[in-house]
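start-v9.txt follows (compact mmCIF, C-alpha atoms):
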# COMPACT_ATOMS: atom_id res chain seq x y z
CA MET A 155 183.24 -15.44 130.85
CA SER A 156 183.40 -11.81 129.85
CA ASP A 157 186.33 -10.12 128.19
CA GLN A 158 185.01 -6.67 129.02
CA ALA A 159 187.04 -4.57 131.40
CA PRO A 160 184.97 -3.71 134.47
CA SER A 161 186.17 -0.09 134.43
CA VAL A 162 188.21 2.31 132.33
CA ARG A 163 190.97 2.36 134.92
CA THR A 164 191.42 -1.41 135.00
CA GLN A 165 191.46 -1.64 131.20
CA VAL A 166 194.86 -2.86 130.01
CA LYS A 167 195.85 -0.17 127.54
CA ARG A 168 199.16 -0.78 125.88
CA VAL A 169 199.40 -4.51 125.22
CA PRO A 170 195.75 -5.58 125.02
CA GLU A 171 196.54 -9.09 123.73
CA VAL A 172 197.60 -10.12 127.22
CA ALA A 173 194.57 -8.74 129.05
CA ALA A 174 191.98 -10.97 130.74
CA TYR A 175 188.97 -9.79 132.67
CA ASP A 176 187.18 -13.09 133.30
CA ARG A 177 187.00 -14.25 136.88
CA ALA A 178 188.41 -17.72 136.15
CA SER A 179 191.69 -16.18 134.92
CA ILE A 180 191.79 -13.70 137.81
CA ASP A 181 190.93 -16.30 140.47
CA ALA A 182 193.57 -18.76 139.21
CA VAL A 183 196.33 -16.20 139.77
CA LEU A 184 195.02 -15.09 143.17
CA ASP A 185 194.63 -18.68 144.38
CA GLU A 186 198.08 -19.86 143.26
CA ALA A 187 200.03 -16.94 144.74
CA LEU A 188 201.25 -16.90 148.33
CA VAL A 189 202.03 -13.17 148.47
CA CYS A 190 200.40 -10.01 147.14
CA HIS A 191 201.67 -6.42 147.01
CA LEU A 192 199.39 -3.90 148.70
CA GLY A 193 199.55 -0.27 147.53
CA PHE A 194 198.23 2.68 149.51
CA VAL A 195 198.90 6.40 149.80
CA ASP A 196 199.69 8.29 152.99
CA GLU A 197 198.49 11.79 153.88
CA THR A 198 201.50 13.37 152.12
CA GLY A 199 200.70 11.67 148.82
CA GLN A 200 203.55 9.16 149.15
CA PRO A 201 202.67 5.70 147.80
CA TYR A 202 203.73 2.63 149.76
CA VAL A 203 203.84 -0.94 148.49
CA ILE A 204 204.01 -3.72 151.06
CA PRO A 205 204.10 -7.48 150.61
CA THR A 206 201.47 -9.37 152.55
CA LEU A 207 199.51 -12.62 152.58
CA HIS A 208 196.04 -12.82 151.09
CA ALA A 209 193.11 -15.16 150.55
CA ARG A 210 190.36 -15.09 147.98
CA VAL A 211 186.93 -16.03 149.27
CA GLY A 212 184.27 -15.87 146.58
CA ASP A 213 184.15 -12.30 145.28
CA GLU A 214 186.45 -10.83 147.93
CA LEU A 215 190.17 -10.64 148.57
CA LEU A 216 191.09 -10.76 152.25
CA ILE A 217 194.25 -9.35 153.79
CA HIS A 218 195.19 -9.22 157.43
CA GLY A 219 197.68 -7.60 159.71
CA SER A 220 198.25 -6.06 163.10
CA SER A 221 195.61 -3.72 164.45
CA ALA A 222 198.56 -1.33 164.94
CA SER A 223 199.41 -1.36 161.21
CA ARG A 224 199.39 2.07 159.60
CA ALA A 225 198.52 0.59 156.21
CA LEU A 226 195.45 -1.18 157.55
CA LYS A 227 194.28 1.94 159.43
CA VAL A 228 194.58 4.11 156.32
CA LEU A 229 192.71 1.55 154.23
CA ALA A 230 190.00 0.89 156.83
CA ASP A 231 189.33 4.65 156.72
CA GLY A 232 188.39 4.30 153.05
CA ALA A 233 191.60 5.26 151.25
CA PRO A 234 191.83 3.84 147.71
CA VAL A 235 193.80 0.61 147.49
CA CYS A 236 195.58 -1.34 144.77
CA VAL A 237 196.49 -4.99 145.28
CA THR A 238 198.76 -6.63 142.72
CA VAL A 239 199.64 -10.32 142.56
CA THR A 240 202.41 -11.53 140.24
CA LEU A 241 203.48 -15.04 139.31
CA LEU A 242 206.76 -15.36 137.40
CA ASP A 243 206.87 -18.31 135.00
CA GLY A 244 210.10 -17.86 133.06
CA LEU A 245 212.39 -15.75 130.92
CA VAL A 246 211.62 -14.77 127.32
CA LEU A 247 214.86 -14.68 125.36
CA ALA A 248 214.43 -12.96 122.03
CA ARG A 249 216.93 -12.34 119.25
CA SER A 250 217.00 -8.62 120.09
CA VAL A 251 217.72 -7.19 123.51
CA PHE A 252 214.62 -5.01 123.05
CA GLU A 253 212.21 -7.98 122.97
CA HIS A 254 213.58 -9.67 126.07
CA SER A 255 210.96 -10.10 128.74
CA VAL A 256 209.51 -12.52 131.27
CA GLU A 257 206.62 -14.94 131.20
CA TYR A 258 204.23 -13.84 133.92
CA ARG A 259 200.66 -13.81 135.13
CA SER A 260 199.51 -10.86 137.20
CA VAL A 261 196.30 -9.46 138.65
CA MET A 262 195.57 -5.89 139.70
CA ILE A 263 192.63 -5.07 141.95
CA LEU A 264 191.47 -1.51 142.60
CA GLY A 265 188.88 -0.44 145.13
CA THR A 266 188.33 0.40 148.74
CA ALA A 267 188.56 -1.98 151.65
CA ARG A 268 186.05 -2.88 154.34
CA LEU A 269 187.17 -3.72 157.89
CA ILE A 270 185.64 -7.03 158.98
CA GLU A 271 184.18 -6.49 162.45
CA ASP A 272 181.59 -9.25 162.86
CA PRO A 273 183.28 -11.91 165.05
CA ASP A 274 181.96 -14.90 163.08
CA GLU A 275 182.90 -13.38 159.73
CA LYS A 276 186.32 -12.48 161.13
CA MET A 277 186.95 -16.02 162.37
CA ARG A 278 185.95 -17.46 158.98
CA ALA A 279 188.26 -14.96 157.29
CA LEU A 280 191.19 -16.02 159.50
CA GLU A 281 190.44 -19.62 158.60
CA ALA A 282 190.48 -18.71 154.89
CA LEU A 283 193.81 -16.87 155.26
CA THR A 284 195.36 -19.86 157.05
CA GLU A 285 193.98 -22.30 154.49
CA GLN A 286 195.19 -20.14 151.58
CA LEU A 287 198.71 -20.30 153.04
CA ILE A 288 198.61 -24.04 153.71
CA PRO A 289 195.46 -26.09 153.21
CA GLY A 290 194.51 -28.29 156.15
CA ARG A 291 196.50 -26.32 158.72
CA TRP A 292 193.55 -24.59 160.42
CA ALA A 293 192.40 -27.89 161.93
CA GLU A 294 195.93 -28.83 163.08
CA ALA A 295 197.06 -25.64 164.84
CA ARG A 296 195.75 -23.81 167.91
CA GLN A 297 192.99 -21.48 166.89
CA PRO A 298 192.93 -17.78 167.77
CA ASN A 299 192.04 -16.61 171.26
CA ASP A 300 190.31 -13.33 172.14
CA LYS A 301 193.54 -11.42 172.59
CA GLU A 302 194.86 -12.56 169.19
CA MET A 303 191.53 -11.73 167.53
CA LYS A 304 191.72 -8.20 168.97
CA ALA A 305 195.31 -7.81 167.75
CA THR A 306 194.36 -8.77 164.18
CA TRP A 307 192.58 -6.66 161.62
CA ILE A 308 191.17 -8.17 158.45
CA LEU A 309 190.20 -6.14 155.41
CA SER A 310 187.97 -7.28 152.56
CA ILE A 311 188.47 -5.85 149.07
CA PRO A 312 185.80 -6.62 146.43
CA LEU A 313 186.97 -8.19 143.18
CA ASP A 314 184.61 -6.18 140.98
CA GLU A 315 187.37 -3.93 139.65
CA ALA A 316 190.10 -6.41 138.75
CA SER A 317 192.05 -7.32 135.65
CA ALA A 318 194.67 -9.91 134.75
CA LYS A 319 197.65 -9.71 132.45
CA ILE A 320 198.89 -13.02 131.14
CA SER A 321 202.04 -13.11 129.07
CA LEU A 322 203.27 -16.61 128.25
CA GLY A 323 204.93 -18.27 125.30
CA PRO A 324 207.87 -17.82 122.95
CA PRO A 325 209.47 -14.52 121.92
CA ASP A 326 207.46 -12.87 119.19
CA ASP A 327 210.29 -11.81 116.89
CA SER A 328 210.20 -14.99 114.77
CA ASP A 329 208.33 -13.13 112.01
CA SER A 330 210.60 -10.07 112.08
CA PRO A 331 213.86 -9.50 110.18
CA ASP A 332 215.60 -10.53 113.42
CA ALA A 333 214.51 -14.12 112.76
CA ASP A 334 217.47 -14.53 110.38
CA LEU A 335 220.04 -13.55 113.02
CA PRO A 336 222.19 -16.38 114.37
CA VAL A 337 220.89 -15.79 117.90
CA TRP A 338 219.31 -18.58 119.95
CA ALA A 339 215.80 -17.61 121.06
CA GLY A 340 213.32 -19.31 123.34
CA ASN A 341 212.16 -19.55 126.91
CA LEU A 342 213.79 -20.50 130.17
CA PRO A 343 211.08 -21.81 132.53
CA LEU A 344 211.17 -21.03 136.25
CA ARG A 345 209.13 -22.76 138.91
CA THR A 346 208.88 -22.90 142.67
CA VAL A 347 209.64 -26.14 144.45
CA VAL A 348 209.02 -27.21 148.01
CA GLY A 349 211.94 -28.41 150.12
CA GLU A 350 211.98 -30.88 152.98
CA PRO A 351 210.13 -29.75 156.13
CA VAL A 352 212.49 -28.43 158.84
CA PRO A 353 211.23 -29.15 162.38
CA ASP A 354 211.62 -26.33 164.91
CA PRO A 355 215.01 -27.03 166.56
CA GLU A 356 213.54 -25.84 169.88
CA ALA A 357 210.61 -28.29 169.76
CA LYS A 358 210.02 -30.12 173.06
CA GLN A 359 208.29 -33.05 171.37
CA ASP A 360 209.24 -35.28 168.46
CA LEU A 361 206.06 -35.12 166.36
CA PRO A 362 205.45 -36.52 162.88
CA VAL A 363 205.23 -34.08 159.96
CA PRO A 364 201.48 -33.45 159.55
CA ASP A 365 199.48 -33.98 156.37
CA SER A 366 199.17 -30.25 155.64
CA VAL A 367 202.95 -29.90 155.46
CA ARG A 368 203.62 -33.22 153.75
CA ASN A 369 201.00 -32.55 151.05
CA PHE A 370 201.72 -28.84 150.53
CA THR A 371 201.38 -27.60 146.98
CA ARG A 372 199.59 -24.82 145.12
CA PRO A 373 196.86 -24.95 142.51
CA GLY A 374 198.78 -24.63 139.24
CA TRP A 375 202.05 -26.16 140.49
CA GLY A 376 200.97 -29.49 138.94
CA MET B 233 227.42 -1.06 157.79
CA SER B 234 224.93 1.17 159.56
CA ASP B 235 221.77 0.00 161.24
CA GLN B 236 220.33 3.51 161.25
CA ALA B 237 217.25 4.12 159.12
CA PRO B 238 217.97 6.77 156.49
CA SER B 239 214.62 8.49 157.15
CA VAL B 240 211.69 8.39 159.53
CA ARG B 241 209.43 7.08 156.79
CA THR B 242 211.65 4.12 155.90
CA GLN B 243 212.09 3.15 159.54
CA VAL B 244 210.53 -0.25 160.16
CA LYS B 245 208.21 0.47 163.04
CA ARG B 246 206.32 -2.55 164.26
CA VAL B 247 208.75 -5.47 164.11
CA PRO B 248 212.14 -3.78 164.39
CA GLU B 249 214.07 -7.05 164.85
CA VAL B 250 213.68 -7.77 161.13
CA ALA B 251 214.81 -4.36 159.89
CA ALA B 252 218.06 -3.83 158.00
CA TYR B 253 219.31 -0.56 156.60
CA ASP B 254 222.81 -1.54 155.49
CA ARG B 255 223.44 -1.51 151.77
CA ALA B 256 224.81 -5.05 151.65
CA SER B 257 221.48 -6.44 152.90
CA ILE B 258 219.50 -4.18 150.57
CA ASP B 259 221.67 -4.89 147.52
CA ALA B 260 221.52 -8.67 148.03
CA VAL B 261 217.72 -8.62 147.77
CA LEU B 262 217.65 -6.26 144.78
CA ASP B 263 220.28 -8.27 142.92
CA GLU B 264 218.66 -11.67 143.47
CA ALA B 265 215.14 -10.63 142.47
CA LEU B 266 213.92 -10.70 138.87
CA VAL B 267 210.81 -8.58 139.43
CA CYS B 268 209.95 -5.52 141.50
CA HIS B 269 206.60 -3.88 142.26
CA LEU B 270 206.40 -0.20 141.33
CA GLY B 271 203.92 1.99 143.18
CA PHE B 272 202.72 5.38 141.97
CA VAL B 273 199.66 7.60 142.41
CA ASP B 274 197.55 9.05 139.62
CA GLU B 275 195.96 12.51 139.57
CA THR B 276 192.84 11.21 141.36
CA GLY B 277 194.85 9.89 144.30
CA GLN B 278 194.46 6.25 143.24
CA PRO B 279 197.56 4.13 143.90
CA TYR B 280 198.71 1.65 141.28
CA VAL B 281 201.17 -1.21 141.76
CA ILE B 282 202.71 -2.74 138.66
CA PRO B 283 205.24 -5.55 138.33
CA THR B 284 208.30 -4.69 136.27
CA LEU B 285 211.93 -5.65 135.74
CA HIS B 286 214.72 -3.73 137.44
CA ALA B 287 218.48 -3.52 137.73
CA ARG B 288 220.65 -2.11 140.50
CA VAL B 289 223.69 -0.18 139.32
CA GLY B 290 225.73 1.20 142.18
CA ASP B 291 223.51 3.53 144.19
CA GLU B 292 220.62 3.54 141.71
CA LEU B 293 217.71 1.28 140.84
CA LEU B 294 216.83 1.32 137.14
CA ILE B 295 213.44 0.49 135.68
CA HIS B 296 212.38 0.69 132.06
CA GLY B 297 209.26 0.60 129.96
CA SER B 298 207.54 1.99 126.93
CA SER B 299 207.76 5.72 126.32
CA ALA B 300 203.93 5.47 126.09
CA SER B 301 203.65 4.11 129.66
CA ARG B 302 201.47 6.23 131.91
CA ALA B 303 203.37 5.08 135.00
CA LEU B 304 206.70 6.19 133.58
CA LYS B 305 205.29 9.57 132.49
CA VAL B 306 203.84 10.25 135.94
CA LEU B 307 207.14 9.29 137.60
CA ALA B 308 209.34 11.20 135.15
CA ASP B 309 207.27 14.28 136.08
CA GLY B 310 208.50 13.92 139.67
CA ALA B 311 205.66 12.05 141.36
CA PRO B 312 206.73 10.16 144.49
CA VAL B 313 207.52 6.51 143.89
CA CYS B 314 207.75 3.36 145.99
CA VAL B 315 209.54 0.29 144.66
CA THR B 316 209.21 -2.93 146.64
CA VAL B 317 211.09 -6.16 145.98
CA THR B 318 210.08 -9.36 147.75
CA LEU B 319 211.76 -12.77 147.86
CA LEU B 320 209.75 -15.61 149.40
CA ASP B 321 211.87 -18.25 151.14
CA GLY B 322 209.37 -20.52 152.85
CA LEU B 323 206.45 -21.02 155.18
CA VAL B 324 206.64 -20.55 158.95
CA LEU B 325 204.37 -23.09 160.63
CA ALA B 326 203.80 -22.28 164.27
CA ARG B 327 201.79 -24.10 166.91
CA SER B 328 199.16 -21.35 166.85
CA VAL B 329 197.36 -20.14 163.74
CA PHE B 330 198.18 -16.59 164.88
CA GLU B 331 201.96 -17.07 164.57
CA HIS B 332 201.85 -18.55 161.06
CA SER B 333 203.83 -16.53 158.58
CA VAL B 334 206.32 -16.74 155.73
CA GLU B 335 210.09 -16.49 155.54
CA TYR B 336 210.85 -13.53 153.30
CA ARG B 337 213.34 -10.84 152.42
CA SER B 338 211.99 -7.55 151.09
CA VAL B 339 213.27 -4.09 150.24
CA MET B 340 211.28 -0.87 150.00
CA ILE B 341 212.68 2.17 148.21
CA LEU B 342 211.05 5.61 148.42
CA GLY B 343 212.00 8.62 146.38
CA THR B 344 211.54 10.32 143.07
CA ALA B 345 212.76 9.09 139.72
CA ARG B 346 214.99 10.72 137.11
CA LEU B 347 214.45 10.11 133.40
CA ILE B 348 217.73 9.03 131.79
CA GLU B 349 218.14 11.12 128.64
CA ASP B 350 221.87 11.00 127.89
CA PRO B 351 222.27 8.43 125.07
CA ASP B 352 225.42 6.82 126.49
CA GLU B 353 223.98 6.57 129.99
CA LYS B 354 220.75 5.16 128.53
CA MET B 355 222.62 2.49 126.55
CA ARG B 356 224.59 1.47 129.64
CA ALA B 357 221.33 1.33 131.61
CA LEU B 358 219.76 -0.97 129.00
CA GLU B 359 222.81 -3.17 129.20
CA ALA B 360 222.46 -3.31 132.99
CA LEU B 361 218.77 -4.21 132.74
CA THR B 362 219.52 -7.00 130.26
CA GLU B 363 222.38 -8.30 132.37
CA GLN B 364 220.27 -8.21 135.55
CA LEU B 365 217.70 -10.41 133.80
CA ILE B 366 220.26 -12.82 132.39
CA PRO B 367 224.00 -12.24 132.74
CA GLY B 368 225.95 -12.53 129.49
CA ARG B 369 222.94 -12.00 127.21
CA TRP B 370 223.80 -8.41 126.17
CA ALA B 371 226.75 -9.63 124.10
CA GLU B 372 224.73 -12.45 122.49
CA ALA B 373 221.59 -10.63 121.34
CA ARG B 374 221.05 -7.83 118.82
CA GLN B 375 221.58 -4.51 120.52
CA PRO B 376 219.01 -1.70 120.45
CA ASN B 377 218.58 0.45 117.34
CA ASP B 378 217.53 4.11 117.29
CA LYS B 379 213.83 3.34 116.97
CA GLU B 380 213.94 0.96 119.94
CA MET B 381 215.93 3.47 122.00
CA LYS B 382 213.27 6.12 121.32
CA ALA B 383 210.49 3.70 122.28
CA THR B 384 212.13 2.95 125.63
CA TRP B 385 212.20 5.12 128.72
CA ILE B 386 214.51 4.37 131.62
CA LEU B 387 214.09 5.82 135.08
CA SER B 388 216.71 5.95 137.80
CA ILE B 389 215.67 5.91 141.46
CA PRO B 390 218.34 6.63 144.09
CA LEU B 391 218.81 4.07 146.87
CA ASP B 392 219.36 6.64 149.60
CA GLU B 393 215.93 6.08 151.14
CA ALA B 394 215.70 2.29 151.26
CA SER B 395 215.13 -0.31 153.94
CA ALA B 396 215.06 -4.09 154.08
CA LYS B 397 212.94 -6.46 156.12
CA ILE B 398 214.39 -9.89 156.62
CA SER B 399 212.33 -12.52 158.37
CA LEU B 400 213.89 -15.98 158.35
CA GLY B 401 214.04 -18.88 160.76
CA PRO B 402 211.81 -21.03 162.91
CA PRO B 403 208.49 -20.02 164.46
CA ASP B 404 209.05 -18.05 167.65
CA ASP B 405 206.47 -19.71 169.87
CA SER B 406 208.86 -22.31 171.27
CA ASP B 407 209.20 -20.29 174.51
CA SER B 408 205.46 -19.67 174.89
CA PRO B 409 202.84 -21.87 176.62
CA ASP B 410 202.02 -23.13 173.09
CA ALA B 411 205.31 -25.04 173.06
CA ASP B 412 203.62 -27.82 175.07
CA LEU B 413 200.87 -28.34 172.49
CA PRO B 414 201.09 -31.52 170.41
CA VAL B 415 201.36 -29.49 167.18
CA TRP B 416 204.24 -29.95 164.75
CA ALA B 417 206.04 -26.65 164.16
CA GLY B 418 208.81 -25.71 161.79
CA ASN B 419 209.54 -24.38 158.33
CA LEU B 420 208.71 -25.48 154.83
CA PRO B 421 211.39 -24.07 152.48
CA LEU B 422 210.49 -22.82 149.01
CA ARG B 423 212.92 -22.12 146.22
CA THR B 424 212.89 -21.28 142.55
CA VAL B 425 214.40 -23.72 140.08
CA VAL B 426 215.30 -23.30 136.43
CA GLY B 427 213.80 -25.73 133.91
CA GLU B 428 215.22 -26.91 130.60
CA PRO B 429 215.55 -24.20 127.92
CA VAL B 430 212.72 -24.33 125.35
CA PRO B 431 213.85 -23.25 121.85
CA ASP B 432 211.45 -20.99 119.93
CA PRO B 433 209.32 -23.46 117.91
CA GLU B 434 209.32 -20.95 115.03
CA ALA B 435 213.12 -20.70 114.88
CA LYS B 436 214.54 -20.92 111.34
CA GLN B 437 217.91 -22.15 112.55
CA ASP B 438 218.96 -24.96 114.85
CA LEU B 439 221.34 -23.11 117.18
CA PRO B 440 223.04 -24.39 120.34
CA VAL B 441 221.78 -23.13 123.69
CA PRO B 442 224.11 -20.22 124.54
CA ASP B 443 226.18 -19.89 127.70
CA SER B 444 223.94 -17.19 129.19
CA VAL B 445 220.95 -19.55 129.13
CA ARG B 446 222.86 -22.70 130.08
CA ASN B 447 224.51 -21.01 133.06
CA PHE B 448 221.53 -18.99 134.25
CA THR B 449 221.23 -18.61 137.99
CA ARG B 450 220.79 -15.81 140.53
CA PRO B 451 223.06 -14.58 143.28
CA GLY B 452 221.71 -16.32 146.37
CA TRP B 453 220.29 -19.39 144.59
CA GLY B 454 223.46 -21.29 145.52

What is this structure when it is put down as structure tokens?
Amino acid sequence: MSDQAPSVRTQVKRVPEVAAYDRASIDAVLDEALVCHLGFVDETGQPYVIPTLHARVGDELLIHGSSASRALKVLADGAPVCVTVTLLDGLVLARSVFEHSVEYRSVMILGTARLIEDPDEKMRALEALTEQLIPGRWAEARQPNDKEMKATWILSIPLDEASAKISLGPPDDSDSPDADLPVWAGNLPLRTVVGEPVPDPEAKQDLPVPDSVRNFTRPGWG
Amino acid sequence: MSDQAPSVRTQVKRVPEVAAYDRASIDAVLDEALVCHLGFVDETGQPYVIPTLHARVGDELLIHGSSASRALKVLADGAPVCVTVTLLDGLVLARSVFEHSVEYRSVMILGTARLIEDPDEKMRALEALTEQLIPGRWAEARQPNDKEMKATWILSIPLDEASAKISLGPPDDSDSPDADLPVWAGNLPLRTVVGEPVPDPEAKQDLPVPDSVRNFTRPGWG
């Protein structure tokens, strides 16, 4: 594990105590999250931030979308990209309004994307994206046909310029003069829970809920 | 309510059935969410996406941060901004891998930000940000002093160029040839739940959990 930032621009500058640059910390956030936020810039200099699904495979982050997507076209042409993933773990309730915050874990990845064109690599990438969403589902569902493969673009973004920010734990005003104020301080945890599966009301067949759905959880949800 | 996009660049192009431009739809997403993703571009053309807290007040979205924040400096200087808010409601499990997706509600706001400098407006904005995080907390906690006010910058972004994307409901392959496949299809709902409050282990006083913490919920959590 290294705690060196891989570049000046991924170095966390203002609150360095929450920075992490080791791949285990970064991978844990990427693997737990269902959604990332993809940032790109259009030809007028306007930034756009769009939510999308992702998968981490080894040293790469994969994202996919329609071959008609403007964002994917811009990025496949080599425009700089930023992908940010954020997990929200709770509220931090300090004695002062100023120190209020949230418990969170986030990762920011900078770089340029590569369009995956090799058919075998693309099929494996689609499998990884499906399995990141819901492990075990690839083997249960109908796999992509040629038309669907053509309609899908997949981009790969290397993880070599990534950093994590991890901010967990109690408010840090317990050693300040505020500690004597009669104000309750602490944390309010938040977590995501899975509800009961809802079968498609239009289904023609009455099928049992499959293992992938019954067993769905995320690494880190415990 | 209007279903007209306020600008060409906020018009949802590829999947227009999920687009919403009315303020009620947009406000509901902004008000439920705890975190937004703020996109800006540095002088090299690199986009950055950072998670931050927000509050909606009328026709404005407020964000705050340290007066030393590079992002806030760039945006206060008039750089174009994109703020995206995403709520994840569940998984969409289709018969084909290709149609797998998530249930989500998201809002994208484009524009330029204004630095709030008037002291009264700034204090009201801080109150709104605290109350968006946890209603009722402003009156319980110690309010900002002059030093904290100087250390905080607040930006206001108008909501006049905003759009929502709302994608909820069952997979839409029930009228395709895939409907005859023996593959379970439906939704797996996700929701956020609040845990038990955790008092600061360093607290000097044994205080009761206040109403703001005990009653914490979000609009839309039901």

* To do: With only C-alpha atoms counted, which protein, DNA or RNA residues have an atom no more than 10 Å from (207.2, -24.8, 143.8) in the file frame? Please answer as a count of residues only.
  => 17

Next on the checklist: I want to know what sits within 12 Å of A:Arg368, based on all atoms listed in the file, with residues of the same chain fewer than 2 positions away left out; could you give that as an MDAnalysis selection string?
Outcome noted: (chainID A and resid 288:291 348:352 362:366 370:371) or (chainID B and resid 416 419:420)

Min atom-atom distance to chain B from the set A:Leu322, A:Ile311, A:Val211, A:Ile204, counting all atoms listed in the file, belongs to A:Ile204

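Across the structure, atom CA of A:Leu188 and atom CA of A:Ala209 are spaced 8.6 Å apart.
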
Legend entry - Of the listed residues A:Arg268, A:Lys304, A:Lys319, A:Arg177, that which approaches A:Asp213 most closely, counting only C-alpha atoms: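 Smallest distance to A:Asp213 is found for A:Arg177.
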
* Residues at most 8 Å from B:Gly401, counting only C-alpha atoms, excluding those fewer than 2 positions away in the same chain, as a PyMOL selection string? -> chain B and resi 324+335+399+403+419

* Looking at only C-alpha atoms, which of B:Leu307, B:Ala251, B:Val329, B:Leu387 is the one that sits closest to chain A? ->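 Closest to chain A of all the choices is B:Val329.
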
Of A:Ser221, A:Thr306, A:Gln200, A:Ser330, the one sitting nearest chain B when using only C-alpha atoms is A:Gln200

Using all atoms listed in the file, the residue out of A:Ile270, A:Ala318, A:Val203, A:Asp185 with shortest distance to chain B is A:Val203

Could you list, as a JSON list (two decimals) with C-alpha atoms, in the coordinates of the input, every residue within 8 Å of A:Thr206, counting only C-alpha atoms and ignoring same-chain residues fewer than 5 positions away?
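Everything below was put into result.json:
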[["chain", "number", "residue", "atom", "x", "y", "z"],
["A", 189, "VAL", "CA", 202.03, -13.17, 148.47],
["A", 190, "CYS", "CA", 200.40, -10.01, 147.14],
["A", 191, "HIS", "CA", 201.67, -6.42, 147.01],
["A", 192, "LEU", "CA", 199.39, -3.90, 148.70],
["A", 217, "ILE", "CA", 194.25, -9.35, 153.79],
["A", 218, "HIS", "CA", 195.19, -9.22, 157.43]]

**OP:** Find, counting all atoms listed in the file, the residue in B:Ala371, B:Ala417, B:Ile398, B:Ala265 that gets nearest to chain A.
**Re:**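 Residue with the minimum atom-to-atom distance to chain A: B:Ala417.
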
List every protein, DNA or RNA residue with an atom no more than 10 Å from (224.2, -3.7, 134.0) in the file's coordinates, counting all atoms listed in the file, and format the result as a PDB file with C-alpha atoms, keeping the file's coordinate frame.
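Result went into point.pdb, see below:
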ATOM      1  CA  ALA B 287     218.480  -3.520 137.730  1.00  0.00           C
ATOM      2  CA  ARG B 288     220.650  -2.110 140.500  1.00  0.00           C
ATOM      3  CA  VAL B 289     223.690  -0.180 139.320  1.00  0.00           C
ATOM      4  CA  GLY B 290     225.730   1.200 142.180  1.00  0.00           C
ATOM      5  CA  LEU B 294     216.830   1.320 137.140  1.00  0.00           C
ATOM      6  CA  MET B 355     222.620   2.490 126.550  1.00  0.00           C
ATOM      7  CA  ARG B 356     224.590   1.470 129.640  1.00  0.00           C
ATOM      8  CA  ALA B 357     221.330   1.330 131.610  1.00  0.00           C
ATOM      9  CA  LEU B 358     219.760  -0.970 129.000  1.00  0.00           C
ATOM     10  CA  GLU B 359     222.810  -3.170 129.200  1.00  0.00           C
ATOM     11  CA  ALA B 360     222.460  -3.310 132.990  1.00  0.00           C
ATOM     12  CA  LEU B 361     218.770  -4.210 132.740  1.00  0.00           C
ATOM     13  CA  THR B 362     219.520  -7.000 130.260  1.00  0.00           C
ATOM     14  CA  GLU B 363     222.380  -8.300 132.370  1.00  0.00           C
ATOM     15  CA  GLN B 364     220.270  -8.210 135.550  1.00  0.00           C
ATOM     16  CA  LEU B 365     217.700 -10.410 133.800  1.00  0.00           C
ATOM     17  CA  PRO B 367     224.000 -12.240 132.740  1.00  0.00           C
ATOM     18  CA  TRP B 370     223.800  -8.410 126.170  1.00  0.00           C
TER      19      TRP B 370
END

For this session: Go ahead and compute the interatomic distance for atom CA of B:Gln375 and atom CA of A:Leu241, in Å to one decimal.
Result: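 Computing the Euclidean distance for atom CA of B:Gln375 and atom CA of A:Leu241 yields 28.1 Å.
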
Residues at most 9 Å from A:Pro336, counting only C-alpha atoms, excluding those fewer than 5 positions away in the same chain, as a VMD selection string? (chain A and resid 249) or (chain B and resid 437 439)

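Going from atom CA of A:Thr238 to atom CA of A:Ser260 covers 7.0 Å.
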
**OP:** Pick out the residues sitting within 12 Å of A:Ala316, and hand them over as a ChimeraX atom specification; count all atoms listed in the file, and ignore anything fewer than 5 positions along from it in its own chain.
**Re:** /A:157-166,173-181,183-184,213-215,235-239,260-265,311
